[in-house]
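In what follows, a single structure is set out as structure tokens and then discussed.
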Amino acid sequence: MKVALLEERYNVREQPGQGVLVTSIEETRGLPIDVMIVAGLVDGEFPSVYESEVFFSARRLREREQRHRWENRYLFYQAITNWTEHLYLTYPEQDHDLDLVRSTFVDALTATAVVEQWEYPDRSPLAGTVYAEEDLLRAYGTAIGAGSDVAWEIPPSLQVKASYVRHAIAVDRSRTEIHNLPEYEGIIFSTLPIEARSYIEKQRDEVFSVRQLESYAKCPFQFFADRLLRISPLTEVEEELSPLERGSILHEVLFEFFTERREQNLPPITGCSDQQFAEAYRRLVELTRRTLESYDIPGAFWELEKEMILGDTAAERGLLYSFLQYERNRPSTLQPRYFEVGFGSQLGEHTRTDAQLSQQDPICAGNVLLRGKIDRVDMDDQAFAVLDYKTGRGVAKLKDIRRGISLQLPLYLYTIQHLLRDTHTPVAGAYMVLKRPVSIEIGIGSRQAVEAFGLARKNSSLVESNDELQQIINATITRVNEYVEGIAAGRFPLTNSELIDDVCPPCTFKTLCRIQTIRTVVPSTSEGV
């Protein structure tokens with residue numbers, strides 16, 4: 001019936017000039033109309049969407065599109081001028097569950113003319129009229145919110161939906177005012193069955209990775225959806241090599257390259273001669289080429305990726321050459337010593353981990369058990385720094401570490417300190433960015449890192465002393481224990497409001513999350529419009 005109505009016209013023929021004429025705007029030209037009501041002013045319907053003809057020339061397409069715009073504008077002008085008493089423009093806000101956008105013609109009219117606007121149902125001559133179940137439930141919900149629902153009689157057919165309305169209002173009131181339903185704010189332990197409570201409490205004994213703990217630190221709800229509910233969102237297929245895949249290849253190559261040089265007692269790359277550099281570069285390219293050939297990835301994107309990593313001419317050097325040049329020229333007192341240091345994992349015979357420093361047992365950080373793998377440890381006789389290879393975008397800074405949302409570098413410093421039995425002093429946690437040009441970015445370090453890495457003395461990621469660096473490491477251990485206690489106690493609220501801009505944009509659970517309801521909306525200024 002609805003589809004048929006859209007294609008039908010209803011003309012009043014008995015008494016011309018009287019009654020209600022339901023027709024298209026084209027049919028109203030020249031007719032005497034006292035009250036004009038234009039309905040359905042929705043973007044995409046009026047003005048209608050232009051349907052392009054792909055086989056026309058570019059000039060013909062522009063002419064047809066321009067004509068289409070003119071025709072729609074002329075019809076709207078005809079509709080809003082052909083009346084004598086009143087003009088009403090209406091548009092629906094929803095079509096079932098689909099939100100609609102009002103026509104740009106309405107926006108243009110309100111911007112150029114003084115009109116009276118009615119927002120249904122608050123300011124409307126029909127505000128007291130109920131036409132559908134949704135209207136009744138909306139009015140009922142408004143009455144409950146105002147505390148005046150005593151006189152309402154809900155039909156039996158709507159009793160269930162009315163109970164949903166009451167419950168939704170109670171939940172919203174709890175979240176914003178009285179907080180008497182904590183389970184709707186992520187505090188779920190008391191509402192769980194016994195089996196689920198036992199599962200949650202056993203999280204205290206789990207061995208956590210740094211990534212898992214950072215997930216909880218940034219957004220407990222994200223951790224809950226990902227690690228406990230195990231919801232797996234669909235990921236987009238990338239034709240190019242992803243940063244994770246590229247990083248895996250480079251990790252494998254650099255591990256073999258540095259481990260081989262250590263076993264053969266070869267001189268460090270830093271400050272080496274031209275001949276030593278050429279031999280090191282030849283061997284690194286050889287190892288990388290062998291690793292790349294083991295991947296069966298057909299296509300032009302893969303060939304381009306290999307060219308970017310290897311480089312093929314002296315004029316166009318690849319990432320490997322840039323990496324070795326940086327290693328050779330960086331003024332550092334610390335030299336690469338350990339690579340892919342694993343802890344808390346099954347370290348089999350074929351596992352890519354450093355045999356000299358890795359251990360199967362997890363690291364105890366307070367009451368928390370940790371597992372992971374540290375890309376590289378640079379050392380001298382007294383101090384050490386941990387380096388994390390980075391192939392993607394963005395690195396954590398000291399402010400993120402102080403806020404407790406970046407845990408990797410402090411926990412890695414703590415781990416190496418533990419594995420070395422406190423024989424060396426931690427001076428820095430840094431990222432080696434494996435993109436041309438290769439660089440090192442400090443995430444956290446003491447002033448001693450200035451000499452160790454040849455840094456500028458003004459660096460926002462440096463603290464004044466090794467003691468202050470140790471305090472930050474200890475504070476991170478305290479936070480980690482608080483996070484695990486929060487997990488075991490069933491506390492999974494949304495992220496803090498001040499972290500929304502940092503945490504929410506890349507999150508894969510945005511469609512499941514109500515974070516938009518707590519986001520602070522800042523009105524636009526006239527300059528920013």
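Starting from 1 in every chain, residues are counted up; chains themselves are A, B, ... following the order of the structure tokens, and ligands are numbered from 1 as listed.
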
Worksheet item: Near A:Val253, counting only C-alpha atoms, which residues have an atom at most 8 Å away, once you skip same-chain residues fewer than 5 positions from it, shown as a list in words?
Response: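 Result of the neighbour search: Leu284, Leu287, Thr288 and Thr291 of chain A.
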
Worksheet item: Using only C-alpha atoms, which residues sit within 8 Å of A:Phe221 once same-chain residues fewer than 3 positions away are excluded, as a list in words?
Response: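 What passes the distance filter is Gly186, Tyr216, Phe224, Ala225, Phe492, Pro493, Leu494 and Thr495 of chain A.
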
Using only N, CA, C and O atoms, please write the residues we just selected to a file, as a PDB file, in the first residue's frame.
ATOM      1  N   GLY A 186      29.558  -0.422  33.832  1.00  0.00           N
ATOM      2  CA  GLY A 186      30.700  -1.301  33.665  1.00  0.00           C
ATOM      3  C   GLY A 186      31.136  -2.041  34.905  1.00  0.00           C
ATOM      4  O   GLY A 186      32.093  -2.819  34.867  1.00  0.00           O
ATOM      5  N   TYR A 216      43.438  -2.360  28.722  1.00  0.00           N
ATOM      6  CA  TYR A 216      42.615  -2.040  29.899  1.00  0.00           C
ATOM      7  C   TYR A 216      42.885  -0.620  30.383  1.00  0.00           C
ATOM      8  O   TYR A 216      41.964   0.088  30.794  1.00  0.00           O
ATOM      9  N   PHE A 224      37.324  -5.592  27.883  1.00  0.00           N
ATOM     10  CA  PHE A 224      36.244  -6.544  28.159  1.00  0.00           C
ATOM     11  C   PHE A 224      35.697  -7.139  26.862  1.00  0.00           C
ATOM     12  O   PHE A 224      35.526  -8.360  26.752  1.00  0.00           O
ATOM     13  N   ALA A 225      35.445  -6.286  25.868  1.00  0.00           N
ATOM     14  CA  ALA A 225      34.884  -6.775  24.604  1.00  0.00           C
ATOM     15  C   ALA A 225      35.879  -7.640  23.843  1.00  0.00           C
ATOM     16  O   ALA A 225      35.505  -8.647  23.230  1.00  0.00           O
ATOM     17  N   PHE A 492      34.715  -2.653  34.326  1.00  0.00           N
ATOM     18  CA  PHE A 492      34.971  -2.400  32.911  1.00  0.00           C
ATOM     19  C   PHE A 492      34.191  -1.176  32.418  1.00  0.00           C
ATOM     20  O   PHE A 492      33.364  -1.278  31.506  1.00  0.00           O
ATOM     21  N   PRO A 493      34.420  -0.016  33.005  1.00  0.00           N
ATOM     22  CA  PRO A 493      33.729   1.200  32.542  1.00  0.00           C
ATOM     23  C   PRO A 493      34.307   1.691  31.222  1.00  0.00           C
ATOM     24  O   PRO A 493      35.307   1.154  30.721  1.00  0.00           O
ATOM     25  N   LEU A 494      33.685   2.727  30.669  1.00  0.00           N
ATOM     26  CA  LEU A 494      34.210   3.353  29.462  1.00  0.00           C
ATOM     27  C   LEU A 494      35.486   4.120  29.796  1.00  0.00           C
ATOM     28  O   LEU A 494      35.803   4.373  30.952  1.00  0.00           O
ATOM     29  N   THR A 495      36.193   4.499  28.770  1.00  0.00           N
ATOM     30  CA  THR A 495      37.407   5.277  28.961  1.00  0.00           C
ATOM     31  C   THR A 495      37.098   6.629  29.586  1.00  0.00           C
ATOM     32  O   THR A 495      35.964   7.130  29.514  1.00  0.00           O
TER      33      THR A 495
END

Worksheet entry | Nearest-residue call for A:Leu109, choices A:His96, A:Arg403, A:His424, A:Arg73, using only C-alpha atoms |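 Selected residue with least distance to A:Leu109: A:Arg73.
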
Worksheet entry | Minimum-distance residue to A:Asp34, chosen among A:Leu387, A:Val427, A:Ile80, A:Leu181 (using only C-alpha atoms) |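 Ranked by minimum distance to A:Asp34, first place goes to A:Ile80.
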
Looking only at the backbone, which of the residues in stretch 130-173 of chain A does DSSP tag as helix (DSSP H, G or I), as an mmCIF file with all heavy atoms, in the first residue's frame?
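File result.cif, as written:
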data_model
loop_
_atom_site.group_PDB
_atom_site.id
_atom_site.type_symbol
_atom_site.label_atom_id
_atom_site.label_comp_id
_atom_site.auth_asym_id
_atom_site.auth_seq_id
_atom_site.Cartn_x
_atom_site.Cartn_y
_atom_site.Cartn_z
ATOM 1 N N GLU A 133 2.340 4.243 17.980
ATOM 2 C CA GLU A 133 2.887 3.673 19.199
ATOM 3 C C GLU A 133 4.128 4.429 19.660
ATOM 4 O O GLU A 133 4.321 4.651 20.856
ATOM 5 C CB GLU A 133 3.246 2.200 18.961
ATOM 6 C CG GLU A 133 2.047 1.296 18.752
ATOM 7 C CD GLU A 133 2.472 -0.152 18.581
ATOM 8 O OE1 GLU A 133 3.709 -0.406 18.597
ATOM 9 O OE2 GLU A 133 1.585 -1.020 18.427
ATOM 10 N N GLU A 134 4.972 4.836 18.705
ATOM 11 C CA GLU A 134 6.186 5.556 19.072
ATOM 12 C C GLU A 134 5.861 6.875 19.769
ATOM 13 O O GLU A 134 6.552 7.274 20.725
ATOM 14 C CB GLU A 134 7.041 5.819 17.830
ATOM 15 C CG GLU A 134 7.703 4.586 17.230
ATOM 16 C CD GLU A 134 6.731 3.736 16.423
ATOM 17 O OE1 GLU A 134 5.580 4.184 16.241
ATOM 18 O OE2 GLU A 134 7.126 2.631 15.993
ATOM 19 N N ASP A 135 4.804 7.565 19.293
ATOM 20 C CA ASP A 135 4.406 8.820 19.924
ATOM 21 C C ASP A 135 3.951 8.586 21.362
ATOM 22 O O ASP A 135 4.291 9.356 22.273
ATOM 23 C CB ASP A 135 3.262 9.473 19.133
ATOM 24 C CG ASP A 135 3.718 9.927 17.757
ATOM 25 O OD1 ASP A 135 4.943 10.097 17.579
ATOM 26 O OD2 ASP A 135 2.868 10.093 16.882
ATOM 27 N N LEU A 136 3.169 7.524 21.559
ATOM 28 C CA LEU A 136 2.682 7.224 22.897
ATOM 29 C C LEU A 136 3.833 6.896 23.843
ATOM 30 O O LEU A 136 3.902 7.413 24.965
ATOM 31 C CB LEU A 136 1.691 6.055 22.844
ATOM 32 C CG LEU A 136 1.153 5.574 24.202
ATOM 33 C CD1 LEU A 136 0.395 6.692 24.904
ATOM 34 C CD2 LEU A 136 0.270 4.342 24.024
ATOM 35 N N LEU A 137 4.762 6.060 23.387
ATOM 36 C CA LEU A 137 5.885 5.675 24.230
ATOM 37 C C LEU A 137 6.808 6.857 24.503
ATOM 38 O O LEU A 137 7.367 6.994 25.593
ATOM 39 C CB LEU A 137 6.662 4.530 23.580
ATOM 40 C CG LEU A 137 5.899 3.206 23.452
ATOM 41 C CD1 LEU A 137 6.699 2.198 22.632
ATOM 42 C CD2 LEU A 137 5.561 2.633 24.829
ATOM 43 N N ARG A 138 6.970 7.737 23.520
ATOM 44 C CA ARG A 138 7.794 8.925 23.730
ATOM 45 C C ARG A 138 7.168 9.836 24.778
ATOM 46 O O ARG A 138 7.833 10.339 25.683
ATOM 47 C CB ARG A 138 7.980 9.672 22.411
ATOM 48 C CG ARG A 138 8.948 10.863 22.524
ATOM 49 C CD ARG A 138 9.040 11.656 21.234
ATOM 50 N NE ARG A 138 9.641 10.873 20.164
ATOM 51 C CZ ARG A 138 8.997 10.440 19.091
ATOM 52 N NH1 ARG A 138 7.694 10.695 18.956
ATOM 53 N NH2 ARG A 138 9.612 9.745 18.168
ATOM 54 N N ALA A 139 5.852 10.046 24.655
ATOM 55 C CA ALA A 139 5.159 10.881 25.632
ATOM 56 C C ALA A 139 5.174 10.250 27.022
ATOM 57 O O ALA A 139 5.334 10.936 28.036
ATOM 58 C CB ALA A 139 3.715 11.125 25.181
ATOM 59 N N TYR A 140 5.049 8.930 27.060
ATOM 60 C CA TYR A 140 5.095 8.216 28.336
ATOM 61 C C TYR A 140 6.464 8.361 28.988
ATOM 62 O O TYR A 140 6.585 8.603 30.195
ATOM 63 C CB TYR A 140 4.768 6.748 28.090
ATOM 64 C CG TYR A 140 4.794 5.881 29.328
ATOM 65 C CD1 TYR A 140 3.943 6.129 30.405
ATOM 66 C CD2 TYR A 140 5.668 4.809 29.415
ATOM 67 C CE1 TYR A 140 3.967 5.326 31.542
ATOM 68 C CE2 TYR A 140 5.704 3.995 30.544
ATOM 69 C CZ TYR A 140 4.846 4.268 31.605
ATOM 70 O OH TYR A 140 4.873 3.481 32.728
ATOM 71 N N GLY A 141 7.513 8.228 28.187
ATOM 72 C CA GLY A 141 8.862 8.391 28.707
ATOM 73 C C GLY A 141 9.110 9.801 29.213
ATOM 74 O O GLY A 141 9.761 9.996 30.255
ATOM 75 N N THR A 142 8.589 10.808 28.508
ATOM 76 C CA THR A 142 8.734 12.194 28.962
ATOM 77 C C THR A 142 8.031 12.399 30.300
ATOM 78 O O THR A 142 8.544 13.078 31.200
ATOM 79 C CB THR A 142 8.150 13.151 27.910
ATOM 80 O OG1 THR A 142 8.842 12.952 26.662
ATOM 81 C CG2 THR A 142 8.318 14.598 28.341
ATOM 82 N N ALA A 143 6.855 11.787 30.452
ATOM 83 C CA ALA A 143 6.112 11.916 31.706
ATOM 84 C C ALA A 143 6.860 11.248 32.857
ATOM 85 O O ALA A 143 6.933 11.783 33.970
ATOM 86 C CB ALA A 143 4.720 11.305 31.548
ATOM 87 N N ILE A 144 7.458 10.097 32.605
ATOM 88 C CA ILE A 144 8.227 9.416 33.649
ATOM 89 C C ILE A 144 9.416 10.262 34.062
ATOM 90 O O ILE A 144 9.722 10.423 35.249
ATOM 91 C CB ILE A 144 8.695 8.029 33.163
ATOM 92 C CG1 ILE A 144 7.501 7.103 32.978
ATOM 93 C CG2 ILE A 144 9.688 7.423 34.144
ATOM 94 C CD1 ILE A 144 7.870 5.754 32.427
ATOM 95 N N GLY A 145 10.080 10.832 33.081
ATOM 96 C CA GLY A 145 11.224 11.680 33.381
ATOM 97 C C GLY A 145 10.854 12.874 34.227
ATOM 98 O O GLY A 145 11.642 13.337 35.054
ATOM 99 N N ALA A 146 9.631 13.378 34.028
ATOM 100 C CA ALA A 146 9.176 14.534 34.799
ATOM 101 C C ALA A 146 8.495 14.129 36.101
ATOM 102 O O ALA A 146 8.048 14.983 36.868
ATOM 103 C CB ALA A 146 8.228 15.379 33.952
ATOM 104 N N PRO A 156 -2.640 -2.986 27.055
ATOM 105 C CA PRO A 156 -1.945 -4.270 27.303
ATOM 106 C C PRO A 156 -0.928 -4.632 26.230
ATOM 107 O O PRO A 156 0.107 -5.228 26.525
ATOM 108 C CB PRO A 156 -3.093 -5.280 27.351
ATOM 109 C CG PRO A 156 -4.288 -4.475 27.770
ATOM 110 C CD PRO A 156 -4.109 -3.123 27.142
ATOM 111 N N SER A 157 -1.227 -4.255 24.983
ATOM 112 C CA SER A 157 -0.322 -4.612 23.889
ATOM 113 C C SER A 157 1.021 -3.885 23.977
ATOM 114 O O SER A 157 2.003 -4.289 23.335
ATOM 115 C CB SER A 157 -0.976 -4.301 22.542
ATOM 116 O OG SER A 157 -1.279 -2.905 22.448
ATOM 117 N N LEU A 158 1.095 -2.793 24.757
ATOM 118 C CA LEU A 158 2.332 -2.011 24.862
ATOM 119 C C LEU A 158 2.982 -2.118 26.239
ATOM 120 O O LEU A 158 3.922 -1.366 26.536
ATOM 121 C CB LEU A 158 2.047 -0.535 24.543
ATOM 122 C CG LEU A 158 1.614 -0.209 23.117
ATOM 123 C CD1 LEU A 158 1.368 1.284 22.966
ATOM 124 C CD2 LEU A 158 2.673 -0.672 22.123
ATOM 125 N N GLN A 159 2.492 -3.022 27.073
ATOM 126 C CA GLN A 159 3.028 -3.118 28.429
ATOM 127 C C GLN A 159 4.514 -3.489 28.426
ATOM 128 O O GLN A 159 5.299 -2.943 29.204
ATOM 129 C CB GLN A 159 2.234 -4.153 29.234
ATOM 130 C CG GLN A 159 0.828 -3.710 29.617
ATOM 131 C CD GLN A 159 0.833 -2.633 30.690
ATOM 132 O OE1 GLN A 159 1.848 -2.372 31.319
ATOM 133 N NE2 GLN A 159 -0.306 -1.991 30.875
ATOM 134 N N VAL A 160 4.887 -4.408 27.563
ATOM 135 C CA VAL A 160 6.295 -4.834 27.529
ATOM 136 C C VAL A 160 7.183 -3.687 27.082
ATOM 137 O O VAL A 160 8.226 -3.399 27.691
ATOM 138 C CB VAL A 160 6.462 -6.054 26.607
ATOM 139 C CG1 VAL A 160 7.941 -6.409 26.462
ATOM 140 C CG2 VAL A 160 5.689 -7.249 27.148
ATOM 141 N N LYS A 161 6.796 -2.992 26.006
ATOM 142 C CA LYS A 161 7.597 -1.872 25.530
ATOM 143 C C LYS A 161 7.649 -0.748 26.560
ATOM 144 O O LYS A 161 8.673 -0.081 26.718
ATOM 145 C CB LYS A 161 7.033 -1.353 24.203
ATOM 146 C CG LYS A 161 7.226 -2.312 23.042
ATOM 147 C CD LYS A 161 6.745 -1.698 21.735
ATOM 148 C CE LYS A 161 6.995 -2.641 20.575
ATOM 149 N NZ LYS A 161 6.526 -2.070 19.276
ATOM 150 N N ALA A 162 6.542 -0.544 27.271
ATOM 151 C CA ALA A 162 6.524 0.490 28.308
ATOM 152 C C ALA A 162 7.505 0.146 29.431
ATOM 153 O O ALA A 162 8.154 1.035 30.000
ATOM 154 C CB ALA A 162 5.120 0.655 28.858
ATOM 155 N N SER A 163 7.616 -1.138 29.739
ATOM 156 C CA SER A 163 8.591 -1.536 30.771
ATOM 157 C C SER A 163 10.012 -1.260 30.303
ATOM 158 O O SER A 163 10.884 -0.884 31.094
ATOM 159 C CB SER A 163 8.418 -3.013 31.115
ATOM 160 O OG SER A 163 8.785 -3.841 30.021
ATOM 161 N N TYR A 164 10.264 -1.426 28.986
ATOM 162 C CA TYR A 164 11.581 -1.101 28.448
ATOM 163 C C TYR A 164 11.867 0.394 28.591
ATOM 164 O O TYR A 164 12.995 0.805 28.887
ATOM 165 C CB TYR A 164 11.675 -1.504 26.974
ATOM 166 C CG TYR A 164 11.620 -2.992 26.717
ATOM 167 C CD1 TYR A 164 11.229 -3.493 25.486
ATOM 168 C CD2 TYR A 164 11.976 -3.896 27.712
ATOM 169 C CE1 TYR A 164 11.181 -4.856 25.236
ATOM 170 C CE2 TYR A 164 11.935 -5.266 27.482
ATOM 171 C CZ TYR A 164 11.529 -5.737 26.241
ATOM 172 O OH TYR A 164 11.485 -7.094 26.007
ATOM 173 N N VAL A 165 10.843 1.211 28.363
ATOM 174 C CA VAL A 165 11.002 2.661 28.498
ATOM 175 C C VAL A 165 11.357 3.025 29.939
ATOM 176 O O VAL A 165 12.280 3.806 30.195
ATOM 177 C CB VAL A 165 9.722 3.385 28.045
ATOM 178 C CG1 VAL A 165 9.787 4.869 28.392
ATOM 179 C CG2 VAL A 165 9.505 3.202 26.548
ATOM 180 N N ARG A 166 10.624 2.453 30.891
ATOM 181 C CA ARG A 166 10.908 2.739 32.305
ATOM 182 C C ARG A 166 12.331 2.308 32.678
ATOM 183 O O ARG A 166 13.049 3.009 33.385
ATOM 184 C CB ARG A 166 9.884 2.035 33.197
ATOM 185 C CG ARG A 166 8.465 2.559 33.064
ATOM 186 C CD ARG A 166 7.569 2.033 34.185
ATOM 187 N NE ARG A 166 7.463 0.580 34.163
ATOM 188 C CZ ARG A 166 6.548 -0.098 33.458
ATOM 189 N NH1 ARG A 166 5.646 0.564 32.722
ATOM 190 N NH2 ARG A 166 6.505 -1.428 33.507
ATOM 191 N N HIS A 167 12.718 1.139 32.166
ATOM 192 C CA HIS A 167 14.050 0.638 32.486
ATOM 193 C C HIS A 167 15.131 1.528 31.867
ATOM 194 O O HIS A 167 16.141 1.836 32.519
ATOM 195 C CB HIS A 167 14.195 -0.788 31.976
ATOM 196 C CG HIS A 167 15.526 -1.410 32.271
ATOM 197 N ND1 HIS A 167 15.931 -1.732 33.547
ATOM 198 C CD2 HIS A 167 16.563 -1.738 31.448
ATOM 199 C CE1 HIS A 167 17.143 -2.249 33.515
ATOM 200 N NE2 HIS A 167 17.547 -2.266 32.251
ATOM 201 N N ALA A 168 14.934 1.935 30.626
ATOM 202 C CA ALA A 168 15.926 2.794 29.961
ATOM 203 C C ALA A 168 16.088 4.115 30.694
ATOM 204 O O ALA A 168 17.207 4.626 30.845
ATOM 205 C CB ALA A 168 15.514 3.031 28.509
ATOM 206 N N ILE A 169 14.992 4.681 31.172
ATOM 207 C CA ILE A 169 15.066 5.949 31.906
ATOM 208 C C ILE A 169 15.775 5.738 33.241
ATOM 209 O O ILE A 169 16.584 6.569 33.670
ATOM 210 C CB ILE A 169 13.663 6.523 32.102
ATOM 211 C CG1 ILE A 169 13.085 6.972 30.749
ATOM 212 C CG2 ILE A 169 13.673 7.691 33.082
ATOM 213 C CD1 ILE A 169 11.661 7.441 30.812
ATOM 214 N N ALA A 170 15.496 4.629 33.907
ATOM 215 C CA ALA A 170 16.175 4.339 35.177
ATOM 216 C C ALA A 170 17.674 4.172 34.970
ATOM 217 O O ALA A 170 18.487 4.649 35.774
ATOM 218 C CB ALA A 170 15.585 3.081 35.803
ATOM 219 N N VAL A 171 18.066 3.517 33.873
ATOM 220 C CA VAL A 171 19.492 3.335 33.575
ATOM 221 C C VAL A 171 20.151 4.677 33.295
ATOM 222 O O VAL A 171 21.234 4.981 33.807
ATOM 223 C CB VAL A 171 19.668 2.380 32.383
ATOM 224 C CG1 VAL A 171 21.109 2.392 31.892
ATOM 225 C CG2 VAL A 171 19.256 0.969 32.765
ATOM 226 N N ASP A 172 19.499 5.504 32.496
ATOM 227 C CA ASP A 172 20.067 6.807 32.160
ATOM 228 C C ASP A 172 20.195 7.681 33.399
ATOM 229 O O ASP A 172 21.203 8.376 33.587
ATOM 230 C CB ASP A 172 19.193 7.497 31.113
ATOM 231 C CG ASP A 172 19.837 8.752 30.575
ATOM 232 O OD1 ASP A 172 20.912 8.647 29.975
ATOM 233 O OD2 ASP A 172 19.272 9.843 30.774
ATOM 234 N N ARG A 173 19.194 7.627 34.265
ATOM 235 C CA ARG A 173 19.246 8.418 35.496
ATOM 236 C C ARG A 173 20.357 7.925 36.414
ATOM 237 O O ARG A 173 21.049 8.710 37.065
ATOM 238 C CB ARG A 173 17.902 8.354 36.203
ATOM 239 C CG ARG A 173 17.807 9.201 37.472
ATOM 240 C CD ARG A 173 16.381 9.222 37.975
ATOM 241 N NE ARG A 173 15.514 9.933 37.048
ATOM 242 C CZ ARG A 173 14.177 9.858 37.056
ATOM 243 N NH1 ARG A 173 13.576 9.066 37.943
ATOM 244 N NH2 ARG A 173 13.457 10.534 36.200
#

Discussion item. If I take atom CA of A:Phe76 and atom CA of A:Thr28, how far is one from the other in Å, to one decimal?
Written reply: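 Atom CA of A:Thr28 lies at a distance of 11.5 Å from atom CA of A:Phe76.
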
Worksheet item: Could you pull out the strand (DSSP E or B) residues of stretch 22-245 of chain A from DSSP and send them as number ranges by chain?
Response: A: 22, 35-38, 42, 44-45, 48, 86-89, 94-95, 98-99, 102, 187, 207-209

Restricted to C-alpha atoms, what would the selected residues look like written as a short mmCIF file (atom, residue, chain, number, x, y, z; two decimals), in the first residue's frame?
data_model
loop_
_atom_site.label_atom_id
_atom_site.label_comp_id
_atom_site.auth_asym_id
_atom_site.auth_seq_id
_atom_site.Cartn_x
_atom_site.Cartn_y
_atom_site.Cartn_z
CA VAL A 22 -2.96 15.62 -2.99
CA VAL A 35 -2.81 26.49 2.20
CA MET A 36 0.20 24.75 0.69
CA ILE A 37 1.66 21.78 2.62
CA VAL A 38 4.91 20.37 1.17
CA VAL A 42 14.29 14.81 2.82
CA GLY A 44 18.00 12.62 -1.56
CA GLU A 45 14.29 12.88 -2.37
CA SER A 48 16.32 14.31 -5.93
CA HIS A 86 -0.26 29.60 4.82
CA LEU A 87 2.75 27.57 3.73
CA TYR A 88 3.84 24.48 5.71
CA LEU A 89 7.08 22.62 5.01
CA GLN A 94 13.19 8.84 10.75
CA ASP A 95 12.03 6.07 8.48
CA LEU A 98 16.86 4.90 9.65
CA ASP A 99 17.73 8.49 10.56
CA ARG A 102 16.26 17.19 6.03
CA ILE A 187 30.82 -2.55 37.27
CA VAL A 207 50.04 -14.07 32.61
CA PHE A 208 49.42 -10.74 30.87
CA SER A 209 51.08 -9.20 27.86
#

Item to complete: Fewer than 6 positions away in the same chain doesn't count, so skip those; otherwise give me all residues within 9 Å of A:Tyr414, counting only C-alpha atoms, as a PyMOL selection string.
Response: chain A and resi 365+426+470+473-474+477

Worksheet item: Please, what distance in Å, to one decimal, runs between atom CA of A:Arg230 and atom CA of A:Val368?
Response: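 Those two atoms sit 21.8 Å apart.
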